[in-house]
Amino acid sequence: MKFRYLPMTEKDKNDMLSTIGIQSTEELFQDIPDEVRFKDRLSIKEAASEPELKKELKALADQNVNLTTHTSFLGAGVYDHYIPSVVDHVISRSEFYTAYTPYQPEISQGELQAIFEFQTMICELTGMEVANSSMYDGGTALAEAVTLSAGQTKKKKVLVSKTIHPESLEVIKTYAKGPGLEIVEIEDKNGVTDVEAIKAALDDDVAGVVVQYQNFYGQIEPLKEIQLLLENLKKTMFIVATNPLALGYLTPPGEFGADIVTGDAQVFGIPAQFGGPHCGFFATTKKLMRKVPGRLVGQTVDEEGQRGYVLTLQAREQHIRRDKATSNICSNQALNALASSVAMSALGKQGLKEMAKMNMQKARYAKLKFEQAGFKIAFNGPFFNEFVIECKKNVSELNHELVEKGFIGGFNLEKITPELENHMLIAVTELRTKAEIDQFVKELGDING
Amino acid sequence: MLKNWVISMANQKDFPVIFELSKEGRTGYSLPEQDVPEVNLSNEFEDEYVREVEPDFPEVSELQLIRHYTALSKRNYGVDSGFYPLGSCTMKYNPKINEDVARFEGFSTVHPLQETETVQGSLELMYDLQTSLEEITGMHTVTLQPAAGAHGEWTGLMMIRALHEQNGDMNRTKVIVPDSAHGTNPASATVAGFDAVTVKSDERGLVDLEDLKRVVGDDTAALMLTNPNTLGLFEEHILEMAEIVHGAGGKLYYDGANLNAILGYARPGDMGFDVVHLNLHKTFTGPHGGGGPGSGPVGVSEELYPFLPKPVLVKGEDGYFFDGDRPQSIGRVKPYYGNFGINVRAYTYIRTMGPDGLKQVSEYAVLNANYLMRRLQEKFILPFDQHCKHEFVLSGKKQKKLGVRTLDMAKRLLDFGFHPPTIYFPLNVEEGMMVEPTETESKETLDEFIEAMHQIAEEAENEPEKVQEAPHTTVISRLDETLAARKPVLRYYKED
């Protein structure tokens, strides 16, 4: 069988074998000891032609309920937002997507400059001085912030609010095992971090305090109060995970004295795609610049004094520093950072503000409609685009019925906190129309009884 | 005429950043209607939580945006632009059907927290991919969670750590790494809480068994090995090495960065490896994206199965589901289930090639590499003169004596329209050039590259300044990296 990705012809093969001075390609594999030679044929599915495979995989994809077949009110860290058409056109330019990490700057100025622009936008959004070229996702970015704080302060304890994304919390706990960190979970009160509990847990051994802004329940954490708590503790770092879209309206963590700000840029131009790849970001103060994990792009000049860009401060990184590197990260999410840059550039100053506000307005309208329909709202503090309602039935069962009505319901909070039995976390983005919201509230109200 | 203009814009040396195109009042977006009654948001928020200084995002029209990024793309080089023999990176062709399939709305717009019964299509694909990778690597179970190779390395080492701890073996603090290993290996060992220890290579470029015996001991947690190694040589004493490490109670870790050499010819599981990570963005054609996203699945032996990261995808009677009830698990390594979008591409590729196609991939990757190696040996020093696997390492020592360094030759290759090989790696070769052609390149392309390399070797002898001053044809000349590091400018600032 001939394969379209393999240009080798019989003639090529014979010419090459003769140049090498051997009879068959088998001779090139003689150094693999006979005991470990795989002598069977791989037992995987047979090769499929392009049209057959497309048809088969389309059918598989179509088995999924998705954000185009159903109207979604599910968020919990991954959101259904407007993706400008330009995004996919830009990232589909194969000069971008088929390139490797820009090790040869002379032929990689496009990628390097795009990352430099991404770093700038993340700094602008978060109010921080330095941002890297991207991390795997928001969760691992936050976990790296935790280990960075411990490494930098030489302290072993980190206070983490229980209102951060539960999967981020789990990832932090896994990352903490390597350097042997103690993760102290801080309780919440009325859906926000209990500042008194942070105060009680703060001592000389605390490397960092971690909160999420908006938190997992959609509520806005009192960053000012936490900043005041940490003011007198010179070393302890203030680490804030964010939804960057919310920063189109909210005061950025940088202005509350955050040392490290992380998050996921999925909200800007990246589809949900079943949880990945998304695009983590990592922003810090200038003081931490040489401790940042991952790639950093810097501006410099060429031999003629022209402005250009290179990967820089590489002495932090694994390929130079090996076991002394600040992180082991190598591949990051460059193409998704490009997607987010394009989306942020398309939105611009105005669009960002407008989109953030529209999320807030639509979420408030939905919240009001739920209240009017008799649902109890669990937490009533300031929020961004998510809120929690209390239902009478198990949320997964409700969601099952909602699918039949054409909706993807909110997140079942009982899956993470047994106390929140029958509680649903609802996300309302700018893409939801008034009619969809009205219909959703009605259907859920009917099913809920 | 128009075409020339676009090219000249792309070639413009001091190219504007997008912020410099910005003009107040321009827009490039189209948001839906604000169709709900508005409430006064400021009633809800204290003033200090309402942003005062707006982020300075660019204000550009849609066409300006497209021209900007199109020009940037023209200042970039990918596999679709030309030959990219970057050693250890497996820069093979990225099939276009993969891109189409990953964009099917039924895959790209599925939310990870939907109820399980609504995502069976995604789960079936993931399960089939896992199963295929288990067969290809000879491992018991594969998890798709890790986001990239280095993330997979750390995941695998954390599992090894958990296994030793469960056995009460608390003193296994060392991970052995060959001197030719990728930098991520020792870095991952550190992040997982181990000390990295180096084992030397012998004069043939393989792990020195005597040195291995010397460093191995009851404090050995694992040996991390790439096979074939970064010199492109198969570690033919792999069974003895496995015996030495296992005999001392350590585990064997396989870095799958170089799996492209042995598909269908040998499997890490059969060589005695306990943990394997794969780079789906190398061997299995996930595009590199200018630095990611990747995908770094990890396969384990049965012994390590209980420690897999949570949740584990299983096939039940009523369909596929995630099992989160895993008391011995190392925990979650990533939110959700891995880089699904990249996994779709890898699966599409595996289905395109099938069992025979995958074996041909390695056959031709190795044939191409050996042909290229023999032809380049005519002009360059080949420190390890034997058949290679999918890549090989040349030394620029001969040219260095003429005052031409490997870096210079790499830059000169840019003038011929090629991406250079990986240079100065692995660390145990002086002036190293690590060349990996991959199976998707034609003989004609290899011959053009050979011709360019031969010409550069001649230039090194006859007109060295031509090489030393290269590149001559790129949009920018060599950049001052020292300045970049000494006075870091990591973001754009508006000039007032």
# chains A, B, ... in the order shown; residues from 1 in each chain; ligands from 1
>>> residues_around(residues="A:Met16", least_positions_apart="6", cutoff="12 Å", atoms="only C-alpha atoms", output="PyMOL selection string")
(chain A and resi 8-10+22-25) or (chain B and resi 364+366-375+442-444+446-447)
>>> residues_around(residues="stretch 221-224 of chain B", least_positions_apart="6", cutoff="7 Å", atoms="only C-alpha atoms", output="PyMOL selection string")
chain B and resi 172-177+250-255
>>> closest_residue(among="B:Leu231, B:Val142, B:Val245, B:Leu407", to="chain A", atoms="only C-alpha atoms")
B:Leu407
>>> select_by_dssp(residues="stretch 326-416 of chain B", states="helix (DSSP H, G or I)", output="PyMOL selection string")
chain B and resi 340-376+397-400+406-415
>>> write_last_selection(atoms="C-alpha atoms", output="tab-separated table (two decimals), in the first residue's frame")
chain	number	residue	atom	x	y	z
B	340	PHE	CA	-7.71	16.55	23.49
B	341	GLY	CA	-7.39	18.63	20.31
B	342	ILE	CA	-3.85	17.33	19.76
B	343	ASN	CA	-4.94	13.80	20.63
B	344	VAL	CA	-7.57	13.95	17.87
B	345	ARG	CA	-4.84	14.81	15.37
B	346	ALA	CA	-2.62	11.94	16.56
B	347	TYR	CA	-5.51	9.51	16.38
B	348	THR	CA	-6.36	10.61	12.85
B	349	TYR	CA	-2.74	10.04	11.88
B	350	ILE	CA	-2.57	6.57	13.40
B	351	ARG	CA	-5.77	5.64	11.58
B	352	THR	CA	-4.38	7.02	8.34
B	353	MET	CA	-1.22	4.93	8.55
B	354	GLY	CA	-2.40	1.69	10.14
B	355	PRO	CA	0.04	-1.03	11.24
B	356	ASP	CA	1.95	-1.26	7.96
B	357	GLY	CA	2.13	2.47	7.41
B	358	LEU	CA	3.58	3.10	10.85
B	359	LYS	CA	6.29	0.52	10.28
B	360	GLN	CA	7.14	2.10	6.94
B	361	VAL	CA	7.40	5.44	8.73
B	362	SER	CA	10.28	4.16	10.82
B	363	GLU	CA	11.82	2.22	7.94
B	364	TYR	CA	12.02	5.35	5.79
B	365	ALA	CA	12.90	7.73	8.61
B	366	VAL	CA	15.91	5.52	9.32
B	367	LEU	CA	16.77	5.04	5.65
B	368	ASN	CA	16.62	8.79	4.98
B	369	ALA	CA	18.81	9.48	8.00
B	370	ASN	CA	21.45	6.94	6.99
B	371	TYR	CA	21.56	8.17	3.41
B	372	LEU	CA	21.95	11.75	4.57
B	373	MET	CA	24.57	10.77	7.13
B	374	ARG	CA	26.73	8.95	4.58
B	375	ARG	CA	26.58	11.80	2.10
B	376	LEU	CA	27.39	14.43	4.71
B	397	LYS	CA	35.38	20.32	14.47
B	398	LYS	CA	37.05	20.29	11.06
B	399	GLN	CA	35.41	23.58	10.08
B	400	LYS	CA	36.10	25.10	13.48
B	406	THR	CA	28.74	25.29	13.77
B	407	LEU	CA	26.62	28.33	14.60
B	408	ASP	CA	27.95	30.05	11.48
B	409	MET	CA	27.11	27.07	9.30
B	410	ALA	CA	23.62	26.93	10.78
B	411	LYS	CA	23.10	30.59	9.93
B	412	ARG	CA	24.49	30.05	6.42
B	413	LEU	CA	21.93	27.28	5.85
B	414	LEU	CA	19.21	29.92	6.26
B	415	ASP	CA	20.43	31.52	3.03
>>> select_by_dssp(residues="stretch 104-190 of chain A", states="strand (DSSP E or B)", output="MDAnalysis selection string")
chainID A and resid 108 130:131 135 157:161 182:186 188:189
>>> write_last_selection(atoms="C-alpha atoms", output="short mmCIF file (atom, residue, chain, number, x, y, z; two decimals), in the first residue's frame")
data_model
loop_
_atom_site.label_atom_id
_atom_site.label_comp_id
_atom_site.auth_asym_id
_atom_site.auth_seq_id
_atom_site.Cartn_x
_atom_site.Cartn_y
_atom_site.Cartn_z
CA SER A 108 11.21 33.17 13.32
CA VAL A 130 6.40 40.58 33.20
CA ALA A 131 4.47 37.81 31.44
CA MET A 135 1.89 27.72 30.11
CA LYS A 157 3.74 26.07 53.39
CA VAL A 158 1.22 27.54 50.96
CA LEU A 159 -2.30 28.67 51.85
CA VAL A 160 -4.78 27.88 49.09
CA SER A 161 -8.38 29.02 49.16
CA GLU A 182 2.36 21.62 52.74
CA ILE A 183 -0.87 22.85 51.15
CA VAL A 184 -3.23 24.38 53.71
CA GLU A 185 -6.77 24.74 52.41
CA ILE A 186 -8.55 27.89 53.50
CA ASP A 188 -14.83 29.85 52.49
CA LYS A 189 -17.69 31.80 53.93
#
>>> closest_residue(among="A:Val211, A:Leu28, A:Cys123, A:Leu202", to="A:Asn232", atoms="only C-alpha atoms")
A:Leu202
>>> residues_around(residues="stretch 66-70 of chain B", least_positions_apart="6", cutoff="10 Å", atoms="only C-alpha atoms", output="PyMOL selection string")
(chain A and resi 86-87+89-91+93+95-96+110-111+113-114+338+342+346) or (chain B and resi 6+9-10+15-18+21+60)
>>> write_last_selection(atoms="C-alpha atoms", output="tab-separated table (two decimals), in the first residue's frame")
chain	number	residue	atom	x	y	z
A	86	VAL	CA	-10.06	35.97	11.99
A	87	VAL	CA	-8.60	33.80	14.76
A	89	HIS	CA	-7.62	32.06	9.71
A	90	VAL	CA	-4.49	33.40	11.36
A	91	ILE	CA	-3.58	30.27	13.28
A	93	ARG	CA	-1.33	29.90	8.41
A	95	GLU	CA	4.13	29.23	8.73
A	96	PHE	CA	2.86	29.52	12.30
A	110	GLY	CA	6.91	36.40	13.10
A	111	GLU	CA	6.36	33.96	15.94
A	113	GLN	CA	6.99	39.13	17.68
A	114	ALA	CA	3.56	37.54	18.12
A	338	LEU	CA	-1.30	33.41	19.12
A	342	VAL	CA	-5.54	37.70	17.65
A	346	ALA	CA	-9.73	42.05	17.39
B	6	VAL	CA	2.97	42.32	0.47
B	9	MET	CA	5.88	44.68	3.85
B	10	ALA	CA	6.78	41.28	5.26
B	15	PHE	CA	8.39	45.94	11.54
B	16	PRO	CA	5.67	47.63	13.62
B	17	VAL	CA	4.17	45.89	16.62
B	18	ILE	CA	0.39	45.78	16.53
B	21	LEU	CA	-0.99	50.40	14.27
B	60	VAL	CA	-7.34	48.07	14.60
>>> residues_around(residues="stretch 326-328 of chain B", least_positions_apart="5", cutoff="10 Å", atoms="only C-alpha atoms", output="PyMOL selection string")
chain B and resi 159+162-163+166+304-312
>>> write_last_selection(atoms="C-alpha atoms", output="PDB file, in the first residue's frame")
ATOM      1  CA  MET B 159       4.358   7.474  39.665  1.00  0.00           C
ATOM      2  CA  ALA B 162       4.680   6.757  44.585  1.00  0.00           C
ATOM      3  CA  LEU B 163       5.550   3.111  43.891  1.00  0.00           C
ATOM      4  CA  GLN B 166       4.316   2.424  48.789  1.00  0.00           C
ATOM      5  CA  LEU B 304       2.462   1.088  38.092  1.00  0.00           C
ATOM      6  CA  TYR B 305      -1.176   0.998  37.004  1.00  0.00           C
ATOM      7  CA  PRO B 306      -2.589   1.919  40.452  1.00  0.00           C
ATOM      8  CA  PHE B 307      -0.592   5.154  40.460  1.00  0.00           C
ATOM      9  CA  LEU B 308      -1.870   6.618  37.185  1.00  0.00           C
ATOM     10  CA  PRO B 309      -3.062  10.232  37.418  1.00  0.00           C
ATOM     11  CA  LYS B 310      -6.743  10.739  38.135  1.00  0.00           C
ATOM     12  CA  PRO B 311      -9.157  10.240  36.472  1.00  0.00           C
ATOM     13  CA  VAL B 312      -8.591   7.066  34.450  1.00  0.00           C
TER      14      VAL B 312
END
>>> closest_residue(among="A:Ile172, A:Ala435, A:Ala363, A:Leu245", to="A:Ala343", atoms="only C-alpha atoms")
A:Leu245
>>> residues_around(residues="stretch 368-375 of chain A", least_positions_apart="6", cutoff="12 Å", atoms="only C-alpha atoms", output="PyMOL selection string")
(chain A and resi 361-362+387-393+422-424+426+434-446+448-449) or (chain B and resi 36-39)
>>> closest_residue(among="B:Gly396, B:Phe83, B:Asp211, B:Leu72", to="A:Ile115", atoms="only C-alpha atoms")
B:Leu72
>>> atom_distance(atom1="atom CA of A:Leu431", atom2="atom CA of A:Phe73")
10.2 Å
>>> decode(residues="stretch 334-351 of chain B", atoms="N, CA and C atoms", output="PDB file, in the first residue's frame")
ATOM      1  N   LYS B 334      -3.356  17.659  35.554  1.00  0.00           N
ATOM      2  CA  LYS B 334      -3.820  18.717  34.647  1.00  0.00           C
ATOM      3  C   LYS B 334      -5.327  18.828  34.790  1.00  0.00           C
ATOM      4  N   PRO B 335      -5.879  20.035  34.712  1.00  0.00           N
ATOM      5  CA  PRO B 335      -7.335  20.125  34.683  1.00  0.00           C
ATOM      6  C   PRO B 335      -7.877  19.363  33.462  1.00  0.00           C
ATOM      7  N   TYR B 336      -9.022  18.738  33.628  1.00  0.00           N
ATOM      8  CA  TYR B 336      -9.675  17.988  32.544  1.00  0.00           C
ATOM      9  C   TYR B 336      -8.814  16.789  32.119  1.00  0.00           C
ATOM     10  N   TYR B 337      -8.715  16.504  30.813  1.00  0.00           N
ATOM     11  CA  TYR B 337      -8.223  15.174  30.416  1.00  0.00           C
ATOM     12  C   TYR B 337      -7.057  15.202  29.437  1.00  0.00           C
ATOM     13  N   GLY B 338      -6.300  16.277  29.415  1.00  0.00           N
ATOM     14  CA  GLY B 338      -5.198  16.336  28.462  1.00  0.00           C
ATOM     15  C   GLY B 338      -5.539  17.236  27.288  1.00  0.00           C
ATOM     16  N   ASN B 339      -4.582  17.355  26.365  1.00  0.00           N
ATOM     17  CA  ASN B 339      -4.789  18.209  25.199  1.00  0.00           C
ATOM     18  C   ASN B 339      -5.546  17.443  24.120  1.00  0.00           C
ATOM     19  N   PHE B 340      -6.853  17.347  24.352  1.00  0.00           N
ATOM     20  CA  PHE B 340      -7.715  16.549  23.489  1.00  0.00           C
ATOM     21  C   PHE B 340      -7.544  16.902  22.004  1.00  0.00           C
ATOM     22  N   GLY B 341      -7.493  18.199  21.707  1.00  0.00           N
ATOM     23  CA  GLY B 341      -7.385  18.631  20.306  1.00  0.00           C
ATOM     24  C   GLY B 341      -6.158  18.053  19.614  1.00  0.00           C
ATOM     25  N   ILE B 342      -5.066  17.914  20.345  1.00  0.00           N
ATOM     26  CA  ILE B 342      -3.851  17.329  19.765  1.00  0.00           C
ATOM     27  C   ILE B 342      -4.021  15.814  19.667  1.00  0.00           C
ATOM     28  N   ASN B 343      -4.715  15.247  20.651  1.00  0.00           N
ATOM     29  CA  ASN B 343      -4.940  13.805  20.628  1.00  0.00           C
ATOM     30  C   ASN B 343      -5.802  13.387  19.437  1.00  0.00           C
ATOM     31  N   VAL B 344      -6.749  14.242  19.053  1.00  0.00           N
ATOM     32  CA  VAL B 344      -7.573  13.953  17.868  1.00  0.00           C
ATOM     33  C   VAL B 344      -6.682  13.880  16.630  1.00  0.00           C
ATOM     34  N   ARG B 345      -5.741  14.795  16.538  1.00  0.00           N
ATOM     35  CA  ARG B 345      -4.840  14.806  15.373  1.00  0.00           C
ATOM     36  C   ARG B 345      -3.987  13.528  15.340  1.00  0.00           C
ATOM     37  N   ALA B 346      -3.464  13.147  16.499  1.00  0.00           N
ATOM     38  CA  ALA B 346      -2.622  11.945  16.561  1.00  0.00           C
ATOM     39  C   ALA B 346      -3.432  10.701  16.199  1.00  0.00           C
ATOM     40  N   TYR B 347      -4.660  10.656  16.689  1.00  0.00           N
ATOM     41  CA  TYR B 347      -5.506   9.505  16.385  1.00  0.00           C
ATOM     42  C   TYR B 347      -5.788   9.423  14.878  1.00  0.00           C
ATOM     43  N   THR B 348      -6.090  10.570  14.291  1.00  0.00           N
ATOM     44  CA  THR B 348      -6.360  10.614  12.850  1.00  0.00           C
ATOM     45  C   THR B 348      -5.148  10.105  12.075  1.00  0.00           C
ATOM     46  N   TYR B 349      -3.970  10.469  12.539  1.00  0.00           N
ATOM     47  CA  TYR B 349      -2.737  10.036  11.882  1.00  0.00           C
ATOM     48  C   TYR B 349      -2.547   8.523  12.003  1.00  0.00           C
ATOM     49  N   ILE B 350      -2.745   8.013  13.201  1.00  0.00           N
ATOM     50  CA  ILE B 350      -2.568   6.568  13.403  1.00  0.00           C
ATOM     51  C   ILE B 350      -3.548   5.789  12.528  1.00  0.00           C
ATOM     52  N   ARG B 351      -4.763   6.313  12.418  1.00  0.00           N
ATOM     53  CA  ARG B 351      -5.771   5.643  11.580  1.00  0.00           C
ATOM     54  C   ARG B 351      -5.448   5.768  10.092  1.00  0.00           C
TER      55      ARG B 351
END
